[in-house]
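To be precise, the following lines are my_file.txt, and they hold compact mmCIF, C-alpha atoms.
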```txt
# COMPACT_ATOMS: atom_id res chain seq x y z
CA MET B 1 171.37 -138.69 140.07
CA THR B 2 168.07 -137.53 141.56
CA ALA B 3 165.65 -140.37 142.26
CA PHE B 4 162.75 -140.46 139.83
CA ASP B 5 159.52 -139.02 141.25
CA PRO B 6 156.55 -139.20 138.84
CA ASN B 7 154.75 -136.49 140.82
CA ALA B 8 157.57 -133.96 140.68
CA ALA B 9 158.67 -131.59 137.96
CA ALA B 10 160.69 -133.24 135.20
CA GLN B 11 164.19 -133.90 136.46
CA HIS B 12 165.55 -136.04 133.62
CA GLY B 13 166.20 -135.12 130.02
CA GLY B 14 164.38 -138.03 128.42
CA ILE B 15 160.99 -137.88 126.72
CA PHE B 16 158.30 -136.89 129.27
CA GLY B 17 161.11 -136.24 131.74
CA LEU B 18 161.69 -139.97 132.17
CA PRO B 19 165.09 -141.48 132.91
CA GLY B 20 164.98 -143.15 129.51
CA ASP B 21 166.48 -146.56 130.22
CA PRO B 22 166.25 -148.33 126.83
CA ASP B 23 166.67 -151.79 128.37
CA ARG B 24 163.57 -151.33 130.53
CA ALA B 25 161.38 -149.35 128.14
CA ALA B 26 158.43 -151.07 126.47
CA ILE B 27 158.15 -148.25 123.93
CA HIS B 28 161.02 -146.96 121.82
CA LEU B 29 160.41 -143.72 119.94
CA VAL B 30 162.28 -142.92 116.73
CA PRO B 31 162.63 -139.20 115.94
CA VAL B 32 162.65 -138.48 112.20
CA PRO B 33 163.38 -134.78 111.54
CA PHE B 34 162.64 -134.94 107.81
CA ALA B 35 159.96 -132.97 105.97
CA ALA B 36 161.29 -132.32 102.49
CA THR B 37 158.08 -132.85 100.51
CA VAL B 38 155.62 -130.67 102.45
CA SER B 39 153.60 -128.69 99.93
CA TYR B 40 152.23 -125.72 101.89
CA GLY B 41 153.47 -124.74 105.36
CA GLY B 42 156.80 -125.98 106.68
CA GLY B 43 158.56 -126.73 109.93
CA ALA B 44 157.58 -130.35 110.65
CA GLU B 45 161.26 -131.32 110.62
CA ASN B 46 161.44 -129.46 113.95
CA GLY B 47 158.60 -131.53 115.41
CA PRO B 48 160.64 -134.20 117.23
CA ALA B 49 162.79 -131.70 119.12
CA ALA B 50 159.81 -129.48 119.97
CA ILE B 51 157.75 -132.43 121.22
CA LEU B 52 160.66 -133.63 123.34
CA ALA B 53 160.92 -130.19 124.97
CA ALA B 54 157.15 -129.85 125.49
CA SER B 55 156.89 -133.38 126.90
CA GLN B 56 158.67 -132.24 130.05
CA GLN B 57 155.40 -130.52 131.06
CA VAL B 58 153.12 -133.55 130.60
CA ASP B 59 151.77 -134.96 133.87
CA LEU B 60 152.54 -138.65 133.99
CA PHE B 61 149.33 -140.06 135.43
CA ASP B 62 146.70 -140.44 132.71
CA LEU B 63 143.07 -140.83 133.75
CA GLN B 64 142.38 -143.22 130.85
CA PHE B 65 145.56 -145.27 130.75
CA GLY B 66 146.97 -144.88 134.24
CA ARG B 67 150.71 -144.97 134.99
CA VAL B 68 151.88 -145.16 131.38
CA TYR B 69 155.41 -144.21 132.41
CA GLU B 70 155.83 -147.41 134.42
CA ALA B 71 156.13 -149.41 131.19
CA GLY B 72 159.05 -147.23 130.15
CA ILE B 73 159.28 -144.85 127.19
CA HIS B 74 162.61 -144.18 125.54
CA MET B 75 163.35 -141.80 122.67
CA LEU B 76 166.35 -142.66 120.54
CA ALA B 77 168.77 -140.04 119.30
CA ALA B 78 167.97 -138.97 115.76
CA ASP B 79 170.11 -140.59 113.10
CA PRO B 80 172.46 -137.76 112.01
CA ARG B 81 171.93 -138.60 108.35
CA LEU B 82 168.31 -137.45 108.56
CA ALA B 83 169.03 -133.76 109.19
CA ASP B 84 171.57 -133.79 106.39
CA VAL B 85 169.29 -135.46 103.86
CA HIS B 86 166.47 -133.06 104.77
CA ALA B 87 168.75 -130.05 104.29
CA ARG B 88 169.73 -131.28 100.83
CA ALA B 89 166.30 -132.39 99.64
CA ARG B 90 164.10 -129.59 100.95
CA PRO B 91 165.35 -126.80 98.61
CA LEU B 92 164.93 -129.12 95.63
CA ALA B 93 161.40 -130.03 96.69
CA GLU B 94 160.51 -126.38 97.21
CA GLN B 95 161.38 -125.74 93.56
CA VAL B 96 159.19 -128.65 92.45
CA VAL B 97 156.29 -127.46 94.61
CA ALA B 98 156.61 -123.89 93.33
CA GLN B 99 156.32 -125.17 89.75
CA GLY B 100 153.31 -127.34 90.54
CA GLY B 101 155.25 -130.56 90.02
CA GLY B 102 158.45 -131.83 88.49
CA ASP B 103 159.74 -134.19 85.82
CA ALA B 104 161.75 -137.33 86.47
CA ALA B 105 165.07 -135.50 86.54
CA ALA B 106 163.84 -132.88 89.01
CA VAL B 107 162.35 -135.35 91.46
CA ALA B 108 165.05 -138.04 91.27
CA PRO B 109 167.24 -136.66 94.10
CA ILE B 110 164.16 -136.00 96.23
CA ASP B 111 162.97 -139.56 95.71
CA ALA B 112 166.45 -140.81 96.57
CA ALA B 113 166.31 -138.83 99.82
CA GLY B 114 162.93 -140.36 100.66
CA ALA B 115 164.23 -143.84 99.92
CA LEU B 116 167.14 -143.30 102.32
CA VAL B 117 164.73 -142.13 105.05
CA ASN B 118 162.65 -145.27 104.45
CA GLU B 119 165.75 -147.43 104.77
CA ILE B 120 166.86 -145.79 108.03
CA VAL B 121 163.41 -145.91 109.63
CA HIS B 122 162.83 -149.49 108.50
CA ALA B 123 166.11 -150.66 110.03
CA GLN B 124 165.49 -148.86 113.33
CA THR B 125 161.92 -150.15 113.57
CA ARG B 126 162.96 -153.72 112.76
CA ALA B 127 165.56 -153.62 115.54
CA ILE B 128 162.95 -152.34 118.02
CA LEU B 129 160.51 -155.09 117.06
CA GLN B 130 163.18 -157.78 117.29
CA ALA B 131 163.95 -156.57 120.81
CA GLY B 132 160.31 -157.08 121.77
CA ARG B 133 159.51 -153.36 122.06
CA ILE B 134 156.72 -151.24 120.58
CA PRO B 135 157.97 -148.77 117.95
CA GLY B 136 156.71 -145.21 117.70
CA ILE B 137 157.82 -142.81 114.96
CA VAL B 138 157.91 -139.07 115.71
CA GLY B 139 158.05 -136.98 112.53
CA GLY B 140 158.63 -135.11 110.43
CA ASP B 141 156.13 -135.07 107.58
CA HIS B 142 153.78 -137.92 106.80
CA SER B 143 156.14 -139.58 104.36
CA VAL B 144 158.46 -140.72 107.17
CA PRO B 145 156.55 -143.70 108.68
CA TYR B 146 156.58 -145.77 105.48
CA GLY B 147 159.61 -147.82 106.55
CA ALA B 148 158.11 -148.41 109.99
CA ILE B 149 154.77 -149.57 108.59
CA ALA B 150 156.58 -151.97 106.26
CA ALA B 151 158.70 -153.33 109.13
CA VAL B 152 155.68 -153.79 111.41
CA ALA B 153 153.75 -155.59 108.66
CA GLU B 154 156.72 -157.87 107.99
CA HIS B 155 157.13 -158.66 111.67
CA HIS B 156 153.51 -159.19 112.67
CA GLY B 157 151.88 -160.44 109.48
CA ASP B 158 148.46 -159.03 108.64
CA ILE B 159 147.84 -155.66 110.28
CA GLY B 160 145.39 -152.82 109.94
CA ILE B 161 146.16 -149.12 109.96
CA LEU B 162 144.03 -146.68 111.92
CA HIS B 163 144.78 -143.43 110.13
CA PHE B 164 143.94 -140.05 111.71
CA ASP B 165 144.21 -137.26 109.14
CA ALA B 166 142.50 -134.37 107.42
CA HIS B 167 143.71 -135.82 104.10
CA ALA B 168 143.34 -139.25 102.52
CA ASP B 169 147.04 -139.33 101.48
CA LEU B 170 146.15 -141.59 98.54
CA ARG B 171 147.56 -139.37 95.80
CA VAL B 172 149.79 -141.14 93.33
CA ALA B 173 153.29 -139.60 93.48
CA TYR B 174 151.90 -136.16 94.34
CA GLU B 175 153.64 -133.38 92.39
CA GLY B 176 155.75 -136.11 90.79
CA MET B 177 157.45 -137.12 94.04
CA ARG B 178 157.36 -140.85 94.75
CA TRP B 179 157.67 -140.42 98.52
CA SER B 180 155.47 -137.36 98.92
CA HIS B 181 153.79 -136.79 102.28
CA ALA B 182 150.49 -136.82 100.36
CA SER B 183 151.18 -140.30 98.94
CA ILE B 184 152.04 -142.29 102.06
CA MET B 185 148.90 -144.44 102.09
CA ASP B 186 148.97 -144.99 98.33
CA ASN B 187 152.54 -146.26 98.72
CA VAL B 188 151.57 -148.49 101.64
CA LEU B 189 148.59 -150.02 99.86
CA ARG B 190 150.63 -150.53 96.71
CA ASP B 191 153.77 -152.03 98.24
CA VAL B 192 152.96 -153.43 101.70
CA PRO B 193 150.59 -156.39 101.22
CA GLY B 194 150.67 -157.13 104.94
CA VAL B 195 148.42 -154.10 105.49
CA ARG B 196 145.06 -155.80 105.18
CA ARG B 197 142.81 -152.87 106.01
CA LEU B 198 143.16 -149.08 106.15
CA VAL B 199 140.59 -147.25 108.30
CA GLN B 200 140.72 -143.46 108.00
CA LEU B 201 139.25 -140.95 110.47
CA GLY B 202 138.82 -137.19 110.19
CA ILE B 203 139.15 -137.09 106.41
CA ARG B 204 137.85 -133.84 104.90
CA ASP B 205 140.26 -132.84 102.14
CA PHE B 206 140.78 -135.15 99.15
CA CYS B 207 140.76 -135.12 95.36
CA GLU B 208 138.50 -137.12 93.06
CA GLN B 209 141.30 -139.55 92.21
CA GLU B 210 141.58 -140.40 95.89
CA LEU B 211 137.82 -140.87 96.22
CA LEU B 212 137.89 -143.27 93.26
CA ALA B 213 140.79 -145.13 94.87
CA ILE B 214 138.75 -145.54 98.06
CA GLN B 215 135.67 -146.70 96.16
CA GLY B 216 137.74 -149.09 94.05
CA SER B 217 139.69 -150.62 96.93
CA GLY B 218 137.35 -153.59 97.28
CA GLY B 219 136.80 -152.77 100.94
CA ARG B 220 140.49 -152.60 101.81
CA VAL B 221 140.02 -148.89 102.59
CA LEU B 222 137.27 -147.66 104.91
CA THR B 223 137.22 -143.87 104.99
CA CYS B 224 135.16 -142.19 107.68
CA PHE B 225 134.66 -138.78 106.12
CA ASP B 226 134.42 -136.02 108.68
CA GLN B 227 131.33 -134.56 106.99
CA ASP B 228 129.52 -137.92 107.12
CA TRP B 229 130.35 -138.43 110.79
CA GLN B 230 129.13 -134.95 111.65
CA ARG B 231 125.90 -135.45 109.69
CA ARG B 232 125.21 -138.72 111.45
CA ARG B 233 125.88 -137.11 114.81
CA PHE B 234 123.45 -134.31 113.97
CA GLU B 235 120.89 -137.00 113.15
CA GLY B 236 121.36 -138.70 116.53
CA THR B 237 124.11 -141.31 116.15
CA THR B 238 126.46 -141.27 119.12
CA PHE B 239 130.17 -140.66 118.68
CA ASP B 240 130.87 -143.90 120.51
CA SER B 241 128.78 -145.85 118.00
CA LEU B 242 130.71 -144.30 115.11
CA CYS B 243 134.01 -145.24 116.77
CA ARG B 244 132.96 -148.83 117.35
CA GLU B 245 131.76 -149.14 113.77
CA ALA B 246 135.12 -147.97 112.42
CA ILE B 247 137.19 -150.09 114.81
CA GLU B 248 135.19 -153.20 113.98
CA ALA B 249 136.68 -153.07 110.48
CA LEU B 250 140.24 -153.43 111.84
CA PRO B 251 142.06 -156.75 112.28
CA GLU B 252 143.51 -157.84 115.62
CA ARG B 253 146.84 -156.04 115.20
CA VAL B 254 146.66 -152.30 114.60
CA TYR B 255 149.22 -149.68 113.60
CA VAL B 256 148.09 -146.12 114.38
CA SER B 257 149.24 -143.44 111.94
CA PHE B 258 148.46 -140.04 113.43
CA ASP B 259 148.77 -136.90 111.33
CA ILE B 260 148.20 -134.01 113.74
CA ASP B 261 146.07 -132.19 111.15
CA GLY B 262 143.38 -134.79 111.75
CA LEU B 263 142.58 -132.63 114.77
CA ASP B 264 140.61 -129.41 114.75
CA PRO B 265 143.15 -126.80 113.53
CA SER B 266 142.74 -124.77 116.72
CA LEU B 267 144.83 -127.57 118.26
CA CYS B 268 147.54 -127.48 115.57
CA PRO B 269 147.48 -124.02 113.91
CA ASN B 270 151.03 -124.29 112.57
CA THR B 271 150.75 -127.69 110.91
CA GLY B 272 151.58 -127.61 107.22
CA THR B 273 148.11 -128.13 105.74
CA PRO B 274 145.42 -127.26 108.33
CA VAL B 275 141.78 -127.88 107.36
CA PRO B 276 138.58 -126.70 109.12
CA GLY B 277 136.73 -129.44 110.99
CA GLY B 278 138.36 -132.49 112.51
CA LEU B 279 138.51 -134.23 115.86
CA SER B 280 138.75 -132.69 119.29
CA PHE B 281 141.35 -133.89 121.77
CA ALA B 282 138.67 -135.62 123.84
CA GLU B 283 137.26 -137.39 120.78
CA THR B 284 140.72 -138.60 119.83
CA ALA B 285 141.31 -139.95 123.33
CA HIS B 286 137.96 -141.74 123.17
CA VAL B 287 138.86 -143.41 119.86
CA LEU B 288 142.15 -144.70 121.27
CA ALA B 289 140.44 -146.00 124.41
CA ALA B 290 137.83 -147.72 122.22
CA VAL B 291 140.57 -149.51 120.28
CA VAL B 292 141.96 -150.83 123.55
CA ALA B 293 138.50 -151.79 124.83
CA SER B 294 137.86 -153.74 121.62
CA GLY B 295 140.66 -156.15 122.49
CA ARG B 296 142.83 -155.13 119.56
CA ARG B 297 146.55 -154.76 119.99
CA ILE B 298 148.43 -151.62 118.95
CA VAL B 299 151.73 -152.90 117.55
CA GLY B 300 153.20 -149.58 116.43
CA PHE B 301 152.33 -145.97 115.80
CA ASP B 302 153.49 -142.65 114.45
CA LEU B 303 152.82 -138.98 115.14
CA VAL B 304 153.62 -136.64 112.25
CA GLU B 305 153.21 -133.12 110.86
CA VAL B 306 153.66 -131.35 114.21
CA ALA B 307 155.17 -128.01 113.17
CA PRO B 308 156.04 -125.78 116.13
CA GLY B 309 155.18 -122.10 115.90
CA GLU B 310 156.46 -119.11 117.85
CA ASP B 311 154.70 -120.40 120.97
CA GLU B 312 154.70 -123.97 122.29
CA TRP B 313 151.04 -124.77 121.53
CA ASP B 314 151.45 -127.24 118.65
CA ALA B 315 154.23 -129.11 120.44
CA ASN B 316 152.24 -129.04 123.69
CA VAL B 317 149.27 -130.73 122.01
CA GLY B 318 151.57 -133.07 120.10
CA ALA B 319 153.32 -134.21 123.28
CA ARG B 320 149.97 -135.02 124.87
CA ILE B 321 148.77 -136.94 121.82
CA LEU B 322 152.05 -138.85 121.92
CA TYR B 323 151.50 -139.80 125.57
CA LYS B 324 147.97 -141.00 124.72
CA LEU B 325 149.38 -143.11 121.90
CA CYS B 326 151.95 -144.60 124.27
CA GLY B 327 149.26 -145.28 126.85
CA ALA B 328 146.95 -146.98 124.39
CA ALA B 329 149.79 -149.11 123.02
CA VAL B 330 150.90 -150.22 126.47
CA GLN B 331 147.39 -150.97 127.72
CA SER B 332 146.45 -152.86 124.56
CA ARG B 333 149.13 -155.47 125.31
```
Translate this file's structure into structure tokens.
Amino acid sequence: MTAFDPNAAAQHGGIFGLPGDPDRAAIHLVPVPFAATVSYGGGAENGPAAILAASQQVDLFDLQFGRVYEAGIHMLAADPRLADVHARARPLAEQVVAQGGGDAAAVAPIDAAGALVNEIVHAQTRAILQAGRIPGIVGGDHSVPYGAIAAVAEHHGDIGILHFDAHADLRVAYEGMRWSHASIMDNVLRDVPGVRRLVQLGIRDFCEQELLAIQGSGGRVLTCFDQDWQRRRFEGTTFDSLCREAIEALPERVYVSFDIDGLDPSLCPNTGTPVPGGLSFAETAHVLAAVVASGRRIVGFDLVEVAPGEDEWDANVGARILYKLCGAAVQSR
């Protein structure tokens, strides 16, 4: 086998072209090719494979986080049940979405599919944590990290979630589906008491029910609305000050949940529900560096809703966000 050279073109088939030795890798990535409940555009089930392919072009020295690769990053093989359960659930969910929602009978098999995904991801994440590694989930739609968040909260005790997204994801069983991608944070807040605080960035699309949920959370949810951040920047507040203010609300241990549509849609044009506004790549990198600088520890993360188009742009950006997430997690240790 060719000796590994971090300055050469990718010569190994692992994520980021790394040899992928699981016994030496600090970060273990779990691909979850499931996106049954997406309610507008599709294709996020292809995200893990597209990110893996695009990652071969990512240069391994990062100006912020240094030689991230030295800690080791390993991507597991996808559990074969996931592709099968997606293939069975997606046509059923498409019918529900087309009708604007479904009754209990219509959504029951979709909910069962989501529950199986949760079970698989929870078990894989728990094993990674027990081995002393940092888990990263690569979706898939935004329903898929639920099991990982639950496992991380069980393992570490009180945690906070730093949630990048265009949407609040606080809808209650959106379109009748218990495990909808639009309900991930409602499910987490309802059923994972170990999540002490949810801090949301980039939020610019939400319904009134979600706003009332935020306002009625008793401070458990801090939502940094994109419009408010932009207004304050126009009035003279620095972006760094806004970041520090948001991060200050997080406990010591942080799980980062990163929906790619939290970015400006020019960076993710094929994601399922793009929304004008959002964070630039540089702003996102600054937020992650600020988390590390604050002394907080990133104990897990996910990257979801990357839907590759005819070109490689969405996957290209996704792979680079993934490397930043890995770098921040490693450096925060």
Residues of range 196-269 of chain B at most 12 Å from range 178-182 of chain B: nearest atom pair and distance in Å, only C-alpha atoms, as a Markdown table:
```
| residue | atom | partner | partner_atom | distance |
| --- | --- | --- | --- | --- |
| B:Asp205 | CA | B:Ala182 | CA | 11.1 |
| B:Phe206 | CA | B:Ala182 | CA | 9.9 |
| B:Cys207 | CA | B:Ala182 | CA | 11.1 |
| B:Glu210 | CA | B:Ala182 | CA | 10.6 |
| B:Asp259 | CA | B:His181 | CA | 10.3 |
```
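CA of Pro48 in chain B is found 6.0 Å from CA of Gly139 in chain B.
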Could the residues of range 68-132 of chain B that have an atom at most 9 Å from range 17-29 of chain B be listed as CSV, each with its closest atom pair and the distance in Å to one decimal, counting only C-alpha atoms and ordered by chain and ascending residue number?
```
residue,atom,partner,partner_atom,distance
B:Tyr69,CA,B:Leu18,CA,7.6
B:Glu70,CA,B:Ala25,CA,8.6
B:Ala71,CA,B:Ala26,CA,5.5
B:Gly72,CA,B:Ala25,CA,3.7
B:Ile73,CA,B:Ile27,CA,4.8
B:His74,CA,B:Gly20,CA,4.7
B:Met75,CA,B:Leu29,CA,4.4
B:Leu76,CA,B:Leu29,CA,6.1
B:Thr125,CA,B:His28,CA,8.9
B:Ile128,CA,B:His28,CA,6.9
B:Gly132,CA,B:Ala26,CA,7.9
```
Worksheet entry | Near-Gly318 in chain B list (7 Å; only C-alpha atoms; drop same-chain fewer than 3 positions) as a ChimeraX atom specification | /B:51,306,314-315,321-322
Practice prompt. For Leu242 in chain B, work out the shell of residues within 9 Å, counting all atoms listed in the file and skipping chain neighbours fewer than 2 positions away, then give it as JSON, numbers by chain.
Written response: {"B": [224, 229, 232, 233, 237, 238, 239, 240, 244, 245, 246, 247]}
Saved selection, atoms kept: C-alpha atoms, as a PDB file, keeping the file's coordinate frame:
```
ATOM      1  CA  CYS B 224     135.160-142.190 107.680  1.00  0.00           C
ATOM      2  CA  TRP B 229     130.350-138.430 110.790  1.00  0.00           C
ATOM      3  CA  ARG B 232     125.210-138.720 111.450  1.00  0.00           C
ATOM      4  CA  ARG B 233     125.880-137.110 114.810  1.00  0.00           C
ATOM      5  CA  THR B 237     124.110-141.310 116.150  1.00  0.00           C
ATOM      6  CA  THR B 238     126.460-141.270 119.120  1.00  0.00           C
ATOM      7  CA  PHE B 239     130.170-140.660 118.680  1.00  0.00           C
ATOM      8  CA  ASP B 240     130.870-143.900 120.510  1.00  0.00           C
ATOM      9  CA  ARG B 244     132.960-148.830 117.350  1.00  0.00           C
ATOM     10  CA  GLU B 245     131.760-149.140 113.770  1.00  0.00           C
ATOM     11  CA  ALA B 246     135.120-147.970 112.420  1.00  0.00           C
ATOM     12  CA  ILE B 247     137.190-150.090 114.810  1.00  0.00           C
TER      13      ILE B 247
END
```
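Distance check against Pro308 in chain B using only C-alpha atoms: of B:Asn46, B:Ser266, B:Gln209, B:Ser183, the minimum falls on B:Asn46.
The smallest atom-to-atom distance between Gly176 in chain B and any of B:Ala105, B:Ala249, B:Ala53, B:Ile260, using all atoms listed in the file, is found for B:Ala105.
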Fewer than 2 positions away in the same chain doesn't count, so skip those; otherwise give me all residues within 12 Å of Cys268 in chain B, counting only C-alpha atoms, as an mmCIF file with C-alpha atoms, keeping the file's coordinate frame.
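Written file, around_29.cif:
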```cif
data_model
loop_
_atom_site.group_PDB
_atom_site.id
_atom_site.type_symbol
_atom_site.label_atom_id
_atom_site.label_comp_id
_atom_site.auth_asym_id
_atom_site.auth_seq_id
_atom_site.Cartn_x
_atom_site.Cartn_y
_atom_site.Cartn_z
ATOM 1 C CA ALA B 44 157.580 -130.350 110.650
ATOM 2 C CA GLY B 47 158.600 -131.530 115.410
ATOM 3 C CA ALA B 166 142.500 -134.370 107.420
ATOM 4 C CA ASP B 259 148.770 -136.900 111.330
ATOM 5 C CA ILE B 260 148.200 -134.010 113.740
ATOM 6 C CA ASP B 261 146.070 -132.190 111.150
ATOM 7 C CA GLY B 262 143.380 -134.790 111.750
ATOM 8 C CA LEU B 263 142.580 -132.630 114.770
ATOM 9 C CA ASP B 264 140.610 -129.410 114.750
ATOM 10 C CA PRO B 265 143.150 -126.800 113.530
ATOM 11 C CA SER B 266 142.740 -124.770 116.720
ATOM 12 C CA ASN B 270 151.030 -124.290 112.570
ATOM 13 C CA THR B 271 150.750 -127.690 110.910
ATOM 14 C CA GLY B 272 151.580 -127.610 107.220
ATOM 15 C CA THR B 273 148.110 -128.130 105.740
ATOM 16 C CA PRO B 274 145.420 -127.260 108.330
ATOM 17 C CA VAL B 275 141.780 -127.880 107.360
ATOM 18 C CA PRO B 276 138.580 -126.700 109.120
ATOM 19 C CA GLY B 277 136.730 -129.440 110.990
ATOM 20 C CA GLY B 278 138.360 -132.490 112.510
ATOM 21 C CA LEU B 279 138.510 -134.230 115.860
ATOM 22 C CA SER B 280 138.750 -132.690 119.290
ATOM 23 C CA PHE B 281 141.350 -133.890 121.770
ATOM 24 C CA VAL B 304 153.620 -136.640 112.250
ATOM 25 C CA GLU B 305 153.210 -133.120 110.860
ATOM 26 C CA VAL B 306 153.660 -131.350 114.210
ATOM 27 C CA ALA B 307 155.170 -128.010 113.170
ATOM 28 C CA PRO B 308 156.040 -125.780 116.130
ATOM 29 C CA GLY B 309 155.180 -122.100 115.900
ATOM 30 C CA ASP B 311 154.700 -120.400 120.970
ATOM 31 C CA GLU B 312 154.700 -123.970 122.290
ATOM 32 C CA TRP B 313 151.040 -124.770 121.530
ATOM 33 C CA ASP B 314 151.450 -127.240 118.650
ATOM 34 C CA ALA B 315 154.230 -129.110 120.440
ATOM 35 C CA ASN B 316 152.240 -129.040 123.690
ATOM 36 C CA VAL B 317 149.270 -130.730 122.010
ATOM 37 C CA GLY B 318 151.570 -133.070 120.100
ATOM 38 C CA ALA B 319 153.320 -134.210 123.280
ATOM 39 C CA ILE B 321 148.770 -136.940 121.820
#
```
Worksheet item: When distances are computed from all atoms listed in the file, which of B:Gly160, B:Gly42, B:Gly66, B:Pro135 shows the smallest separation from Arg196 in chain B?
Response: B:Gly160
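Take the candidates B:Phe234, B:Asn118, B:Pro91, B:Leu303 and check each one against Phe164 in chain B using only C-alpha atoms; the shortest distance goes to B:Leu303.
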Item to complete: Name all residues at most 6 Å from Ile159 in chain B (count only C-alpha atoms; drop same-chain ones fewer than 3 positions away) and give them as a ChimeraX atom specification.
Response: /B:195-196,253-254
Output file for the selection above: C-alpha atoms, as a short mmCIF file (atom, residue, chain, number, x, y, z; two decimals), in the coordinates of the input:
```cif
data_model
loop_
_atom_site.label_atom_id
_atom_site.label_comp_id
_atom_site.auth_asym_id
_atom_site.auth_seq_id
_atom_site.Cartn_x
_atom_site.Cartn_y
_atom_site.Cartn_z
CA VAL B 195 148.42 -154.10 105.49
CA ARG B 196 145.06 -155.80 105.18
CA ARG B 253 146.84 -156.04 115.20
CA VAL B 254 146.66 -152.30 114.60
#
```
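With all atoms listed in the file as the atoms that count, the residue of B:Lys324, B:Arg297, B:Arg126, B:Arg333 with the shortest distance to Ser55 in chain B is B:Lys324.
In this comparison, which uses all atoms listed in the file, the residue of B:Glu310, B:Ala293, B:Asp141, B:Ile15 approaching Phe65 in chain B most closely is B:Ala293.
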Response to the item:
Pairwise distance, CA of Leu250 in chain B with CA of Ala329 in chain B, equals 15.3 Å
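Between CA of Glu45 in chain B and CA of Ile137 in chain B the interatomic distance comes to 12.8 Å.
Residues in contact range of Gln99 in chain B, defined as at most 12 Å between all atoms listed in the file, with sequence neighbours fewer than 6 positions away removed, read B:Ser39, B:Leu92, B:Ala93, B:Ala106, B:Val107, B:Glu175, B:Gly176.
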Output range 128-142 of chain B with N, CA and C atoms present, as a PDB file, keeping the file's coordinate frame.
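Written output follows (part.pdb):
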```
ATOM      1  N   ILE B 128     163.839-152.518 116.867  1.00  0.00           N
ATOM      2  CA  ILE B 128     162.950-152.340 118.020  1.00  0.00           C
ATOM      3  C   ILE B 128     162.009-153.538 118.154  1.00  0.00           C
ATOM      4  N   LEU B 129     161.436-153.952 117.041  1.00  0.00           N
ATOM      5  CA  LEU B 129     160.510-155.090 117.060  1.00  0.00           C
ATOM      6  C   LEU B 129     161.228-156.374 117.463  1.00  0.00           C
ATOM      7  N   GLN B 130     162.424-156.572 116.960  1.00  0.00           N
ATOM      8  CA  GLN B 130     163.180-157.780 117.290  1.00  0.00           C
ATOM      9  C   GLN B 130     163.556-157.832 118.764  1.00  0.00           C
ATOM     10  N   ALA B 131     163.647-156.647 119.377  1.00  0.00           N
ATOM     11  CA  ALA B 131     163.950-156.570 120.810  1.00  0.00           C
ATOM     12  C   ALA B 131     162.696-156.716 121.665  1.00  0.00           C
ATOM     13  N   GLY B 132     161.550-156.897 121.026  1.00  0.00           N
ATOM     14  CA  GLY B 132     160.310-157.080 121.770  1.00  0.00           C
ATOM     15  C   GLY B 132     159.675-155.800 122.257  1.00  0.00           C
ATOM     16  N   ARG B 133     160.053-154.667 121.667  1.00  0.00           N
ATOM     17  CA  ARG B 133     159.510-153.360 122.060  1.00  0.00           C
ATOM     18  C   ARG B 133     158.439-152.908 121.075  1.00  0.00           C
ATOM     19  N   ILE B 134     157.715-151.864 121.457  1.00  0.00           N
ATOM     20  CA  ILE B 134     156.720-151.240 120.580  1.00  0.00           C
ATOM     21  C   ILE B 134     157.350-150.016 119.936  1.00  0.00           C
ATOM     22  N   PRO B 135     157.366-149.932 118.601  1.00  0.00           N
ATOM     23  CA  PRO B 135     157.970-148.770 117.950  1.00  0.00           C
ATOM     24  C   PRO B 135     156.989-147.624 117.780  1.00  0.00           C
ATOM     25  N   GLY B 136     157.482-146.405 117.983  1.00  0.00           N
ATOM     26  CA  GLY B 136     156.710-145.210 117.700  1.00  0.00           C
ATOM     27  C   GLY B 136     157.573-144.229 116.921  1.00  0.00           C
ATOM     28  N   ILE B 137     157.076-143.751 115.801  1.00  0.00           N
ATOM     29  CA  ILE B 137     157.820-142.810 114.960  1.00  0.00           C
ATOM     30  C   ILE B 137     157.324-141.406 115.253  1.00  0.00           C
ATOM     31  N   VAL B 138     158.263-140.466 115.447  1.00  0.00           N
ATOM     32  CA  VAL B 138     157.910-139.070 115.710  1.00  0.00           C
ATOM     33  C   VAL B 138     158.496-138.224 114.583  1.00  0.00           C
ATOM     34  N   GLY B 139     157.590-137.755 113.684  1.00  0.00           N
ATOM     35  CA  GLY B 139     158.050-136.980 112.530  1.00  0.00           C
ATOM     36  C   GLY B 139     158.068-135.508 112.829  1.00  0.00           C
ATOM     37  N   GLY B 140     158.503-134.754 111.810  1.00  0.00           N
ATOM     38  CA  GLY B 140     158.630-135.110 110.430  1.00  0.00           C
ATOM     39  C   GLY B 140     157.288-135.072 109.715  1.00  0.00           C
ATOM     40  N   ASP B 141     157.369-135.067 108.360  1.00  0.00           N
ATOM     41  CA  ASP B 141     156.130-135.070 107.580  1.00  0.00           C
ATOM     42  C   ASP B 141     155.589-136.495 107.480  1.00  0.00           C
ATOM     43  N   HIS B 142     154.457-136.635 106.773  1.00  0.00           N
ATOM     44  CA  HIS B 142     153.780-137.920 106.800  1.00  0.00           C
ATOM     45  C   HIS B 142     154.388-138.935 105.844  1.00  0.00           C
TER      46      HIS B 142
END
```
